[in-house]
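Structure data follow from final21.tsv (TSV, N, CA and C atoms and all ligand atoms):
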```tsv
chain	number	residue	atom	x	y	z
K	939	MET	N	84.37	244.59	160.95
K	939	MET	CA	84.70	244.96	162.34
K	939	MET	C	84.03	244.02	163.33
K	940	ARG	N	82.78	243.65	163.05
K	940	ARG	CA	82.08	242.73	163.95
K	940	ARG	C	82.83	241.39	164.00
K	941	GLY	N	83.29	240.92	162.83
K	941	GLY	CA	84.02	239.66	162.77
K	941	GLY	C	85.30	239.71	163.58
K	942	GLN	N	86.04	240.81	163.44
K	942	GLN	CA	87.26	241.00	164.23
K	942	GLN	C	86.96	240.99	165.71
K	943	ALA	N	85.89	241.66	166.08
K	943	ALA	CA	85.53	241.76	167.50
K	943	ALA	C	85.13	240.39	168.05
K	944	LEU	N	84.39	239.61	167.26
K	944	LEU	CA	84.00	238.27	167.70
K	944	LEU	C	85.23	237.38	167.82
K	945	ASP	N	86.16	237.49	166.87
K	945	ASP	CA	87.40	236.71	166.95
K	945	ASP	C	88.16	237.06	168.23
K	946	PHE	N	88.23	238.37	168.52
K	946	PHE	CA	88.92	238.80	169.73
K	946	PHE	C	88.26	238.19	170.97
K	947	LEU	N	86.96	238.28	171.01
K	947	LEU	CA	86.20	237.78	172.16
K	947	LEU	C	86.45	236.29	172.36
K	948	ASP	N	86.43	235.55	171.26
K	948	ASP	CA	86.56	234.10	171.35
K	948	ASP	C	87.97	233.66	171.75
K	949	SER	N	88.94	234.53	171.58
K	949	SER	CA	90.32	234.14	171.90
K	949	SER	C	90.86	234.85	173.13
K	950	ASN	N	89.99	235.59	173.84
K	950	ASN	CA	90.43	236.29	175.05
K	950	ASN	C	89.48	235.97	176.19
K	951	LYS	N	89.82	234.93	176.92
K	951	LYS	CA	88.92	234.43	177.96
K	951	LYS	C	88.69	235.45	179.07
K	952	GLU	N	89.75	236.16	179.48
K	952	GLU	CA	89.57	237.10	180.59
K	952	GLU	C	88.56	238.17	180.20
K	953	CYS	N	88.71	238.69	178.99
K	953	CYS	CA	87.79	239.73	178.50
K	953	CYS	C	86.37	239.17	178.41
K	954	SER	N	86.26	237.99	177.83
K	954	SER	CA	84.95	237.37	177.67
K	954	SER	C	84.29	237.11	179.02
K	955	ASP	N	85.06	236.58	179.96
K	955	ASP	CA	84.51	236.29	181.29
K	955	ASP	C	84.02	237.57	181.97
K	956	TRP	N	84.81	238.66	181.81
K	956	TRP	CA	84.41	239.92	182.43
K	956	TRP	C	83.12	240.45	181.79
K	957	LEU	N	83.06	240.41	180.48
K	957	LEU	CA	81.88	240.90	179.78
K	957	LEU	C	80.63	240.10	180.17
K	958	ASN	N	80.83	238.83	180.49
K	958	ASN	CA	79.70	237.97	180.86
K	958	ASN	C	79.41	237.98	182.36
K	959	SER	N	80.18	238.77	183.12
K	959	SER	CA	80.07	238.71	184.58
K	959	SER	C	78.76	239.28	185.10
K	960	GLY	N	78.01	239.98	184.26
K	960	GLY	CA	76.70	240.48	184.68
K	960	GLY	C	75.57	239.54	184.32
K	961	GLY	N	75.93	238.37	183.82
K	961	GLY	CA	74.91	237.38	183.50
K	961	GLY	C	74.51	237.35	182.03
K	962	GLY	N	75.09	238.26	181.25
K	962	GLY	CA	74.76	238.30	179.82
K	962	GLY	C	75.64	237.37	179.01
K	963	ASN	N	75.38	237.34	177.71
K	963	ASN	CA	76.16	236.53	176.78
K	963	ASN	C	76.74	237.46	175.72
K	964	ALA	N	77.99	237.87	175.95
K	964	ALA	CA	78.60	238.88	175.08
K	964	ALA	C	78.71	238.40	173.64
K	965	HIS	N	79.06	237.14	173.44
K	965	HIS	CA	79.22	236.64	172.07
K	965	HIS	C	77.89	236.72	171.31
K	966	GLN	N	76.85	236.26	171.98
K	966	GLN	CA	75.52	236.28	171.34
K	966	GLN	C	75.09	237.71	171.04
K	967	LEU	N	75.29	238.59	172.03
K	967	LEU	CA	74.87	239.98	171.86
K	967	LEU	C	75.65	240.64	170.73
K	968	LEU	N	76.96	240.44	170.72
K	968	LEU	CA	77.80	241.04	169.69
K	968	LEU	C	77.46	240.49	168.30
K	969	SER	N	77.03	239.24	168.25
K	969	SER	CA	76.66	238.64	166.97
K	969	SER	C	75.42	239.30	166.37
K	970	ASP	N	74.52	239.72	167.25
K	970	ASP	CA	73.19	240.15	166.79
K	970	ASP	C	72.97	241.66	166.84
K	971	VAL	N	73.72	242.39	167.65
K	971	VAL	CA	73.41	243.80	167.89
K	971	VAL	C	73.57	244.63	166.60
K	972	PRO	N	72.59	245.48	166.29
K	972	PRO	CA	72.78	246.38	165.15
K	972	PRO	C	73.89	247.40	165.46
K	973	ILE	N	74.80	247.59	164.51
K	973	ILE	CA	75.86	248.60	164.65
K	973	ILE	C	75.62	249.61	163.54
K	974	LEU	N	75.24	250.82	163.94
K	974	LEU	CA	74.78	251.82	162.97
K	974	LEU	C	75.65	253.06	163.00
K	975	LEU	N	75.82	253.68	161.84
K	975	LEU	CA	76.58	254.92	161.75
K	975	LEU	C	75.69	256.10	162.12
K	976	GLN	N	76.20	256.93	163.01
K	976	GLN	CA	75.47	258.13	163.40
K	976	GLN	C	76.23	259.35	162.87
K	977	PRO	N	75.66	260.09	161.94
K	977	PRO	CA	76.37	261.24	161.39
K	977	PRO	C	76.62	262.31	162.45
K	978	THR	N	77.87	262.72	162.59
K	978	THR	CA	78.23	263.82	163.49
K	978	THR	C	79.32	264.63	162.78
K	979	SER	N	79.61	265.80	163.31
K	979	SER	CA	80.71	266.56	162.74
K	979	SER	C	82.04	266.02	163.27
K	980	ASP	N	83.11	266.19	162.50
K	980	ASP	CA	84.43	265.72	162.90
K	980	ASP	C	84.85	266.39	164.20
K	981	GLY	N	85.58	265.62	165.01
K	981	GLY	CA	86.05	266.15	166.29
K	981	GLY	C	85.07	265.92	167.42
K	982	SER	N	84.04	265.09	167.15
K	982	SER	CA	83.07	264.79	168.20
K	982	SER	C	83.76	264.10	169.36
K	983	SER	N	83.43	264.52	170.59
K	983	SER	CA	84.04	263.90	171.76
K	983	SER	C	83.38	262.56	172.05
K	984	VAL	N	82.25	262.29	171.41
K	984	VAL	CA	81.55	261.03	171.59
K	984	VAL	C	81.90	260.09	170.45
K	985	GLY	N	82.44	258.92	170.80
K	985	GLY	CA	82.81	257.96	169.76
K	985	GLY	C	81.68	257.01	169.41
K	986	GLY	N	80.85	256.74	170.40
K	986	GLY	CA	79.74	255.83	170.20
K	986	GLY	C	78.69	256.05	171.25
K	987	SER	N	77.54	255.40	171.07
K	987	SER	CA	76.48	255.52	172.06
K	987	SER	C	75.52	254.35	171.93
K	988	THR	N	74.77	254.15	173.00
K	988	THR	CA	73.72	253.13	173.01
K	988	THR	C	72.77	253.48	174.13
K	989	SER	N	71.54	252.99	174.02
K	989	SER	CA	70.59	253.22	175.11
K	989	SER	C	70.93	252.35	176.31
K	990	GLY	N	71.72	251.31	176.09
K	990	GLY	CA	72.07	250.39	177.16
K	990	GLY	C	71.15	249.18	177.22
K	991	LYS	N	70.01	249.26	176.53
K	991	LYS	CA	69.09	248.11	176.51
K	991	LYS	C	69.72	246.99	175.68
K	992	PRO	N	69.80	245.78	176.23
K	992	PRO	CA	70.43	244.69	175.49
K	992	PRO	C	69.80	244.46	174.12
K	993	GLY	N	70.65	244.45	173.10
K	993	GLY	CA	70.17	244.23	171.74
K	993	GLY	C	69.78	245.49	171.00
K	994	SER	N	69.72	246.61	171.72
K	994	SER	CA	69.40	247.88	171.05
K	994	SER	C	70.63	248.31	170.25
K	995	PRO	N	70.44	249.20	169.25
K	995	PRO	CA	71.58	249.55	168.38
K	995	PRO	C	72.76	250.18	169.12
K	996	ILE	N	73.95	249.87	168.64
K	996	ILE	CA	75.15	250.60	169.00
K	996	ILE	C	75.40	251.59	167.88
K	997	PHE	N	75.47	252.87	168.23
K	997	PHE	CA	75.71	253.90	167.24
K	997	PHE	C	77.18	254.30	167.27
K	998	VAL	N	77.80	254.37	166.10
K	998	VAL	CA	79.18	254.81	165.96
K	998	VAL	C	79.15	256.19	165.33
K	999	ALA	N	79.72	257.17	166.01
K	999	ALA	CA	79.71	258.54	165.52
K	999	ALA	C	80.67	258.70	164.34
K	1000	SER	N	80.16	259.24	163.25
K	1000	SER	CA	80.99	259.36	162.03
K	1000	SER	C	82.15	260.33	162.25
K	1001	GLY	N	82.01	261.26	163.19
K	1001	GLY	CA	83.06	262.25	163.41
K	1001	GLY	C	83.80	262.04	164.72
K	1002	GLY	N	83.65	260.86	165.31
K	1002	GLY	CA	84.29	260.56	166.58
K	1002	GLY	C	85.52	259.69	166.40
K	1003	GLY	N	86.01	259.15	167.51
K	1003	GLY	CA	87.29	258.42	167.52
K	1003	GLY	C	87.32	257.11	166.78
K	1004	PHE	N	86.16	256.63	166.32
K	1004	PHE	CA	86.16	255.40	165.52
K	1004	PHE	C	86.87	255.63	164.20
K	1005	TYR	N	86.90	256.89	163.77
K	1005	TYR	CA	87.51	257.26	162.48
K	1005	TYR	C	88.65	258.24	162.70
K	1006	ALA	N	89.65	258.13	161.86
K	1006	ALA	CA	90.83	258.99	162.01
K	1006	ALA	C	90.46	260.47	161.98
K	1007	ALA	N	89.46	260.82	161.16
K	1007	ALA	CA	89.07	262.22	161.04
K	1007	ALA	C	88.49	262.77	162.34
K	1008	GLY	N	88.09	261.85	163.23
K	1008	GLY	CA	87.56	262.29	164.51
K	1008	GLY	C	88.63	262.92	165.38
K	1009	GLY	N	89.88	262.55	165.14
K	1009	GLY	CA	91.00	263.12	165.88
K	1009	GLY	C	91.04	262.64	167.32
K	1010	GLY	N	92.10	263.02	168.02
K	1010	GLY	CA	92.25	262.66	169.43
K	1010	GLY	C	92.54	261.19	169.61
K	1011	SER	N	92.21	260.68	170.78
K	1011	SER	CA	92.47	259.28	171.07
K	1011	SER	C	91.34	258.71	171.90
K	1012	VAL	N	91.28	257.39	171.91
K	1012	VAL	CA	90.27	256.64	172.67
K	1012	VAL	C	90.99	255.58	173.48
K	1013	GLY	N	90.92	255.68	174.80
K	1013	GLY	CA	91.58	254.69	175.64
K	1013	GLY	C	93.08	254.62	175.39
K	1014	GLY	N	93.67	255.73	174.95
K	1014	GLY	CA	95.10	255.76	174.66
K	1014	GLY	C	95.45	255.37	173.24
K	1015	PHE	N	94.46	254.97	172.46
K	1015	PHE	CA	94.69	254.59	171.06
K	1015	PHE	C	94.31	255.77	170.16
K	1016	ALA	N	95.13	256.01	169.15
K	1016	ALA	CA	94.83	257.09	168.20
K	1016	ALA	C	93.52	256.80	167.49
K	1017	ALA	N	92.76	257.85	167.24
K	1017	ALA	CA	91.47	257.73	166.56
K	1017	ALA	C	91.62	256.95	165.26
K	1018	GLY	N	90.68	256.07	165.01
K	1018	GLY	CA	90.64	255.33	163.75
K	1018	GLY	C	91.44	254.05	163.75
K	1019	THR	N	92.23	253.81	164.78
K	1019	THR	CA	93.04	252.58	164.82
K	1019	THR	C	92.20	251.41	165.34
K	1020	TYR	N	92.74	250.23	165.16
K	1020	TYR	CA	92.10	249.01	165.66
K	1020	TYR	C	91.76	249.15	167.14
K	1021	GLY	N	92.71	249.61	167.93
K	1021	GLY	CA	92.49	249.74	169.37
K	1021	GLY	C	91.36	250.70	169.70
K	1022	ALA	N	91.32	251.83	169.01
K	1022	ALA	CA	90.27	252.81	169.24
K	1022	ALA	C	88.91	252.23	168.87
K	1023	ARG	N	88.86	251.54	167.75
K	1023	ARG	CA	87.58	250.97	167.29
K	1023	ARG	C	87.09	249.88	168.25
K	1024	MET	N	88.00	249.03	168.67
K	1024	MET	CA	87.62	247.96	169.59
K	1024	MET	C	87.17	248.55	170.92
K	1025	THR	N	87.88	249.58	171.38
K	1025	THR	CA	87.52	250.20	172.65
K	1025	THR	C	86.11	250.79	172.59
K	1026	ILE	N	85.81	251.49	171.53
K	1026	ILE	CA	84.47	252.08	171.38
K	1026	ILE	C	83.40	251.00	171.31
K	1027	LEU	N	83.63	250.01	170.47
K	1027	LEU	CA	82.63	248.96	170.28
K	1027	LEU	C	82.38	248.19	171.58
K	1028	PHE	N	83.45	247.81	172.27
K	1028	PHE	CA	83.28	247.03	173.50
K	1028	PHE	C	82.78	247.90	174.65
K	1029	HIS	N	83.12	249.18	174.66
K	1029	HIS	CA	82.57	250.08	175.68
K	1029	HIS	C	81.04	250.11	175.54
K	1030	GLU	N	80.57	250.30	174.34
K	1030	GLU	CA	79.11	250.37	174.14
K	1030	GLU	C	78.46	249.01	174.42
K	1031	LEU	N	79.12	247.96	174.00
K	1031	LEU	CA	78.59	246.61	174.28
K	1031	LEU	C	78.49	246.40	175.79
K	1032	SER	N	79.49	246.87	176.52
K	1032	SER	CA	79.50	246.70	177.98
K	1032	SER	C	78.28	247.35	178.63
K	1033	HIS	N	77.82	248.47	178.05
K	1033	HIS	CA	76.63	249.12	178.60
K	1033	HIS	C	75.40	248.23	178.52
K	1034	GLN	N	75.42	247.27	177.63
K	1034	GLN	CA	74.24	246.40	177.45
K	1034	GLN	C	74.35	245.11	178.26
K	1035	LEU	N	75.46	244.94	178.98
K	1035	LEU	CA	75.72	243.65	179.62
K	1035	LEU	C	75.61	243.67	181.14
K	1036	ASN	N	75.19	244.81	181.73
K	1036	ASN	CA	74.95	244.86	183.16
K	1036	ASN	C	76.15	244.39	183.99
K	1037	ILE	N	77.35	244.81	183.57
K	1037	ILE	CA	78.59	244.38	184.22
K	1037	ILE	C	78.78	245.16	185.52
K	1038	PRO	N	79.08	244.46	186.62
K	1038	PRO	CA	79.29	245.16	187.89
K	1038	PRO	C	80.38	246.24	187.75
K	1039	GLY	N	80.08	247.44	188.20
K	1039	GLY	CA	81.06	248.52	188.18
K	1039	GLY	C	81.06	249.35	186.90
K	1040	PHE	N	80.40	248.85	185.87
K	1040	PHE	CA	80.33	249.60	184.61
K	1040	PHE	C	79.05	250.44	184.66
K	1041	VAL	N	79.22	251.74	184.91
K	1041	VAL	CA	78.09	252.58	185.29
K	1041	VAL	C	77.48	253.32	184.11
K	1042	ASN	N	76.27	253.83	184.33
K	1042	ASN	CA	75.63	254.69	183.33
K	1042	ASN	C	76.45	255.98	183.20
K	1043	ASP	N	76.88	256.32	181.98
K	1043	ASP	CA	77.68	257.53	181.79
K	1043	ASP	C	77.02	258.46	180.77
K	1044	GLY	N	75.70	258.36	180.68
K	1044	GLY	CA	74.97	259.24	179.76
K	1044	GLY	C	75.05	260.69	180.19
K	1045	GLY	N	75.03	261.58	179.21
K	1045	GLY	CA	75.08	263.01	179.50
K	1045	GLY	C	76.31	263.63	178.89
K	1046	LEU	N	76.30	264.94	178.79
K	1046	LEU	CA	77.39	265.64	178.11
K	1046	LEU	C	78.20	266.51	179.06
K	1047	ASP	N	77.93	266.41	180.38
K	1047	ASP	CA	78.68	267.24	181.32
K	1047	ASP	C	79.99	266.56	181.73
K	1048	THR	N	80.80	267.26	182.49
K	1048	THR	CA	82.12	266.76	182.86
K	1048	THR	C	82.01	265.49	183.70
K	1049	ALA	N	81.04	265.44	184.58
K	1049	ALA	CA	80.88	264.25	185.43
K	1049	ALA	C	80.59	263.03	184.57
K	1050	ALA	N	79.76	263.19	183.56
K	1050	ALA	CA	79.45	262.07	182.67
K	1050	ALA	C	80.70	261.65	181.89
K	1051	ALA	N	81.46	262.64	181.44
K	1051	ALA	CA	82.69	262.33	180.71
K	1051	ALA	C	83.67	261.56	181.59
K	1052	ASN	N	83.73	261.93	182.87
K	1052	ASN	CA	84.62	261.23	183.80
K	1052	ASN	C	84.14	259.81	184.06
K	1053	ARG	N	82.82	259.63	184.15
K	1053	ARG	CA	82.29	258.27	184.33
K	1053	ARG	C	82.60	257.43	183.10
K	1054	SER	N	82.51	258.04	181.93
K	1054	SER	CA	82.81	257.33	180.69
K	1054	SER	C	84.27	256.90	180.65
K	1055	LEU	N	85.16	257.79	181.06
K	1055	LEU	CA	86.59	257.46	181.10
K	1055	LEU	C	86.85	256.32	182.08
K	1056	ALA	N	86.21	256.38	183.24
K	1056	ALA	CA	86.39	255.32	184.24
K	1056	ALA	C	85.88	253.98	183.69
K	1057	ASN	N	84.76	254.03	182.98
K	1057	ASN	CA	84.25	252.80	182.36
K	1057	ASN	C	85.25	252.24	181.36
K	1058	THR	N	85.82	253.11	180.54
K	1058	THR	CA	86.79	252.65	179.54
K	1058	THR	C	88.02	252.07	180.22
K	1059	GLN	N	88.47	252.70	181.31
K	1059	GLN	CA	89.63	252.16	182.03
K	1059	GLN	C	89.33	250.78	182.61
K	1060	LEU	N	88.12	250.62	183.11
K	1060	LEU	CA	87.71	249.32	183.65
K	1060	LEU	C	87.72	248.27	182.53
K	1061	LEU	N	87.16	248.63	181.40
K	1061	LEU	CA	87.15	247.73	180.24
K	1061	LEU	C	88.56	247.31	179.86
K	1062	LEU	N	89.48	248.31	179.81
K	1062	LEU	CA	90.84	248.04	179.35
K	1062	LEU	C	91.66	247.24	180.36
K	1063	GLN	N	91.17	247.17	181.61
K	1063	GLN	CA	91.83	246.31	182.59
K	1063	GLN	C	91.58	244.84	182.28
K	1064	HIS	N	90.50	244.56	181.58
K	1064	HIS	CA	90.11	243.17	181.32
K	1064	HIS	C	90.25	242.76	179.87
K	1065	CYS	N	90.23	243.74	178.99
K	1065	CYS	CA	90.28	243.47	177.56
K	1065	CYS	C	91.48	244.22	176.97
K	1066	ILE	N	92.52	243.48	176.61
K	1066	ILE	CA	93.75	244.09	176.10
K	1066	ILE	C	93.71	244.07	174.58
K	1067	PHE	N	93.40	245.23	173.98
K	1067	PHE	CA	93.26	245.28	172.51
K	1067	PHE	C	94.59	245.52	171.82
K	1101	ZN	ZN	79.70	254.87	178.08
```
Could I get this structure in the form of structure tokens?
Ligand SMILES: [Zn+2]
Amino acid sequence: MRGQALDFLDSNKECSDWLNSGGGNAHQLLSDVPILLQPTSDGSSVGGSTSGKPGSPIFVASGGGFYAAGGGSVGGFAAGTYGARMTILFHELSHQLNIPGFVNDGGLDTAAANRSLANTQLLLQHCIF
């Protein structure tokens, strides 16, 4: 998955430029960032998470949209598909890149969920998976 994501980044200048617009280096970060599985029950509304600190682990929820068993959709992509996986991975990566307009969406309340959706929509405006 990391290889696919790096290939995507290297061949999509608009996405790459946007990810780097906060002064970070998305390719370097994506090359090095730990991507770890976080056990959750199926149907988790959270697909992934990160502290937001550059280089800190990106956690992928075992029961979230990264996997088909998570159900539902991510950014309009069915759970477990390439699009859903890329959306989750790049959403979490974006939290580490200080991108203008990509806000902190931590928390489990409705407002946090809405901020997360807005972040994903912003990502999908620049990165077409
Ligand atoms: Zn988020």
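By chain and then residue number, the residues within 8 Å of Asn950 (chain K) are Leu944, Asp945, Phe946, Ser954, Asp955, Trp956, His1064, Cys1065 and Ile1066 of chain K, counting all atoms listed in the file and disregarding those fewer than 4 positions away in sequence.
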Show me which residues sit within 8 Å of ligand ZN 1101 (chain K) when counting only C-alpha atoms and all ligand atoms, and put them as a PDB file with N, CA and C atoms, in the frame of the given file.
```pdb
ATOM      1  N   GLY K 986      80.850 256.740 170.400  1.00  0.00           N
ATOM      2  CA  GLY K 986      79.740 255.830 170.200  1.00  0.00           C
ATOM      3  C   GLY K 986      78.690 256.050 171.250  1.00  0.00           C
ATOM      4  N   SER K 987      77.540 255.400 171.070  1.00  0.00           N
ATOM      5  CA  SER K 987      76.480 255.520 172.060  1.00  0.00           C
ATOM      6  C   SER K 987      75.520 254.350 171.930  1.00  0.00           C
ATOM      7  N   HIS K1029      83.120 249.180 174.660  1.00  0.00           N
ATOM      8  CA  HIS K1029      82.570 250.080 175.680  1.00  0.00           C
ATOM      9  C   HIS K1029      81.040 250.110 175.540  1.00  0.00           C
ATOM     10  N   GLU K1030      80.570 250.300 174.340  1.00  0.00           N
ATOM     11  CA  GLU K1030      79.110 250.370 174.140  1.00  0.00           C
ATOM     12  C   GLU K1030      78.460 249.010 174.420  1.00  0.00           C
ATOM     13  N   HIS K1033      77.820 248.470 178.050  1.00  0.00           N
ATOM     14  CA  HIS K1033      76.630 249.120 178.600  1.00  0.00           C
ATOM     15  C   HIS K1033      75.400 248.230 178.520  1.00  0.00           C
ATOM     16  N   VAL K1041      79.220 251.740 184.910  1.00  0.00           N
ATOM     17  CA  VAL K1041      78.090 252.580 185.290  1.00  0.00           C
ATOM     18  C   VAL K1041      77.480 253.320 184.110  1.00  0.00           C
ATOM     19  N   ASN K1042      76.270 253.830 184.330  1.00  0.00           N
ATOM     20  CA  ASN K1042      75.630 254.690 183.330  1.00  0.00           C
ATOM     21  C   ASN K1042      76.450 255.980 183.200  1.00  0.00           C
ATOM     22  N   ASP K1043      76.880 256.320 181.980  1.00  0.00           N
ATOM     23  CA  ASP K1043      77.680 257.530 181.790  1.00  0.00           C
ATOM     24  C   ASP K1043      77.020 258.460 180.770  1.00  0.00           C
ATOM     25  N   GLY K1044      75.700 258.360 180.680  1.00  0.00           N
ATOM     26  CA  GLY K1044      74.970 259.240 179.760  1.00  0.00           C
ATOM     27  C   GLY K1044      75.050 260.690 180.190  1.00  0.00           C
ATOM     28  N   ARG K1053      82.820 259.630 184.150  1.00  0.00           N
ATOM     29  CA  ARG K1053      82.290 258.270 184.330  1.00  0.00           C
ATOM     30  C   ARG K1053      82.600 257.430 183.100  1.00  0.00           C
ATOM     31  N   SER K1054      82.510 258.040 181.930  1.00  0.00           N
ATOM     32  CA  SER K1054      82.810 257.330 180.690  1.00  0.00           C
ATOM     33  C   SER K1054      84.270 256.900 180.650  1.00  0.00           C
ATOM     34  N   LEU K1055      85.160 257.790 181.060  1.00  0.00           N
ATOM     35  CA  LEU K1055      86.590 257.460 181.100  1.00  0.00           C
ATOM     36  C   LEU K1055      86.850 256.320 182.080  1.00  0.00           C
ATOM     37  N   ASN K1057      84.760 254.030 182.980  1.00  0.00           N
ATOM     38  CA  ASN K1057      84.250 252.800 182.360  1.00  0.00           C
ATOM     39  C   ASN K1057      85.250 252.240 181.360  1.00  0.00           C
ATOM     40  N   THR K1058      85.820 253.110 180.540  1.00  0.00           N
ATOM     41  CA  THR K1058      86.790 252.650 179.540  1.00  0.00           C
ATOM     42  C   THR K1058      88.020 252.070 180.220  1.00  0.00           C
TER      43      THR K1058
END
```
Strand (DSSP E or B) positions in chain K, given as a PyMOL selection string: chain K and resi 973-976+986-988+996-999+1011-1012+1015-1016
Enumerate, in order of chain and increasing residue number, the residues of region 946-988 of chain K with an atom no farther than 8 Å from region 995-1005 of chain K, each with its shortest atom pair and distance in Å to one decimal, counting only N, CA and C atoms, as CSV.
```
residue,atom,partner,partner_atom,distance
K:Val971,C,K:Pro995,CA,5.6
K:Pro972,C,K:Ile996,N,4.0
K:Ile973,CA,K:Ile996,C,4.4
K:Leu974,C,K:Val998,N,4.0
K:Leu975,CA,K:Val998,N,4.6
K:Gln976,N,K:Val998,C,3.8
K:Pro977,CA,K:Ser1000,N,4.7
K:Thr978,N,K:Ser1000,N,4.2
K:Ser979,C,K:Gly1001,CA,3.9
K:Asp980,CA,K:Gly1001,CA,3.8
K:Gly981,N,K:Gly1001,C,4.0
K:Ser982,N,K:Gly1001,C,3.9
K:Ser983,N,K:Gly1002,CA,5.7
K:Val984,C,K:Gly1002,CA,4.6
K:Gly985,C,K:Ala999,N,3.9
K:Gly986,CA,K:Phe997,C,4.2
K:Ser987,N,K:Phe997,C,4.0
K:Thr988,CA,K:Ile996,CA,5.0
```
Pairwise distance for CA of Gly1013 (chain K) and CA of Ala1051 (chain K), rounded to one decimal in Å: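 Going from CA of Gly1013 (chain K) over to CA of Ala1051 (chain K) covers 12.8 Å.
Computed from the coordinates, the CA of Leu1035 (chain K) to atom N of Gly962 (chain K) distance equals 5.7 Å.
Picture a line from atom N of Gly960 (chain K) to atom N of Gly1021 (chain K); it runs 24.0 Å.
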Leu957 (chain K): which residues within 7 Å, counting all atoms listed in the file, same-chain residues fewer than 4 positions away excluded, as a PDB file with N, CA and C atoms, in the frame of the given file?
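Saved file around-v7.pdb follows:
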```pdb
ATOM      1  N   GLU K 952      89.750 236.160 179.480  1.00  0.00           N
ATOM      2  CA  GLU K 952      89.570 237.100 180.590  1.00  0.00           C
ATOM      3  C   GLU K 952      88.560 238.170 180.200  1.00  0.00           C
ATOM      4  N   CYS K 953      88.710 238.690 178.990  1.00  0.00           N
ATOM      5  CA  CYS K 953      87.790 239.730 178.500  1.00  0.00           C
ATOM      6  C   CYS K 953      86.370 239.170 178.410  1.00  0.00           C
ATOM      7  N   GLY K 961      75.930 238.370 183.820  1.00  0.00           N
ATOM      8  CA  GLY K 961      74.910 237.380 183.500  1.00  0.00           C
ATOM      9  C   GLY K 961      74.510 237.350 182.030  1.00  0.00           C
ATOM     10  N   GLY K 962      75.090 238.260 181.250  1.00  0.00           N
ATOM     11  CA  GLY K 962      74.760 238.300 179.820  1.00  0.00           C
ATOM     12  C   GLY K 962      75.640 237.370 179.010  1.00  0.00           C
ATOM     13  N   ASN K 963      75.380 237.340 177.710  1.00  0.00           N
ATOM     14  CA  ASN K 963      76.160 236.530 176.780  1.00  0.00           C
ATOM     15  C   ASN K 963      76.740 237.460 175.720  1.00  0.00           C
ATOM     16  N   ALA K 964      77.990 237.870 175.950  1.00  0.00           N
ATOM     17  CA  ALA K 964      78.600 238.880 175.080  1.00  0.00           C
ATOM     18  C   ALA K 964      78.710 238.400 173.640  1.00  0.00           C
ATOM     19  N   SER K1032      79.490 246.870 176.520  1.00  0.00           N
ATOM     20  CA  SER K1032      79.500 246.700 177.980  1.00  0.00           C
ATOM     21  C   SER K1032      78.280 247.350 178.630  1.00  0.00           C
ATOM     22  N   LEU K1035      75.460 244.940 178.980  1.00  0.00           N
ATOM     23  CA  LEU K1035      75.720 243.650 179.620  1.00  0.00           C
ATOM     24  C   LEU K1035      75.610 243.670 181.140  1.00  0.00           C
ATOM     25  N   ILE K1037      77.350 244.810 183.570  1.00  0.00           N
ATOM     26  CA  ILE K1037      78.590 244.380 184.220  1.00  0.00           C
ATOM     27  C   ILE K1037      78.780 245.160 185.520  1.00  0.00           C
TER      28      ILE K1037
END
```
K:Pro992, K:Ala943, K:Ser1011, K:Phe1040 ranked by distance to Leu1061 (chain K), top pick (using all atoms listed in the file): K:Phe1040
Filtered DSSP result for chain K, state helix (DSSP H, G or I), as a PyMOL selection string: chain K and resi 940-949+951-957+964-970+1006-1008+1020-1033+1048-1064
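Take the candidates K:Asp1047, K:Ala1056, K:Ala1006, K:Gly990 and check each one against Leu1031 (chain K) using all atoms listed in the file; the shortest distance goes to K:Gly990.
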Given only C-alpha atoms as the counted atoms, nearest of K:Gln942, K:Gln1059, K:Asn958, K:Ser949 to Pro1038 (chain K):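 Closest candidate: K:Asn958.
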Point (87.6, 244.9, 171.0), cut-off 7 Å, counting only N, CA and C atoms, residues as a PyMOL selection string: chain K and resi 942-943+946-947+1023-1028+1067
Save region 969-977 of chain K to disk from that block, N, CA and C atoms included, as a short mmCIF file (atom, residue, chain, number, x, y, z; two decimals), in the first residue's frame.
```
data_model
loop_
_atom_site.label_atom_id
_atom_site.label_comp_id
_atom_site.auth_asym_id
_atom_site.auth_seq_id
_atom_site.Cartn_x
_atom_site.Cartn_y
_atom_site.Cartn_z
N SER K 969 7.35 8.00 2.86
CA SER K 969 8.37 6.95 2.77
C SER K 969 8.73 6.39 4.14
N ASP K 970 8.72 7.27 5.14
CA ASP K 970 9.28 6.91 6.45
C ASP K 970 8.24 6.65 7.53
N VAL K 971 7.03 7.16 7.39
CA VAL K 971 6.07 7.12 8.49
C VAL K 971 5.67 5.67 8.82
N PRO K 972 5.67 5.31 10.10
CA PRO K 972 5.15 3.98 10.46
C PRO K 972 3.65 3.91 10.19
N ILE K 973 3.21 2.83 9.56
CA ILE K 973 1.78 2.60 9.31
C ILE K 973 1.43 1.34 10.08
N LEU K 974 0.62 1.50 11.12
CA LEU K 974 0.37 0.40 12.06
C LEU K 974 -1.11 0.04 12.11
N LEU K 975 -1.38 -1.24 12.32
CA LEU K 975 -2.75 -1.70 12.45
C LEU K 975 -3.23 -1.49 13.88
N GLN K 976 -4.40 -0.89 13.99
CA GLN K 976 -5.00 -0.68 15.31
C GLN K 976 -6.24 -1.56 15.41
N PRO K 977 -6.24 -2.55 16.29
CA PRO K 977 -7.40 -3.43 16.40
C PRO K 977 -8.64 -2.68 16.87
#
```
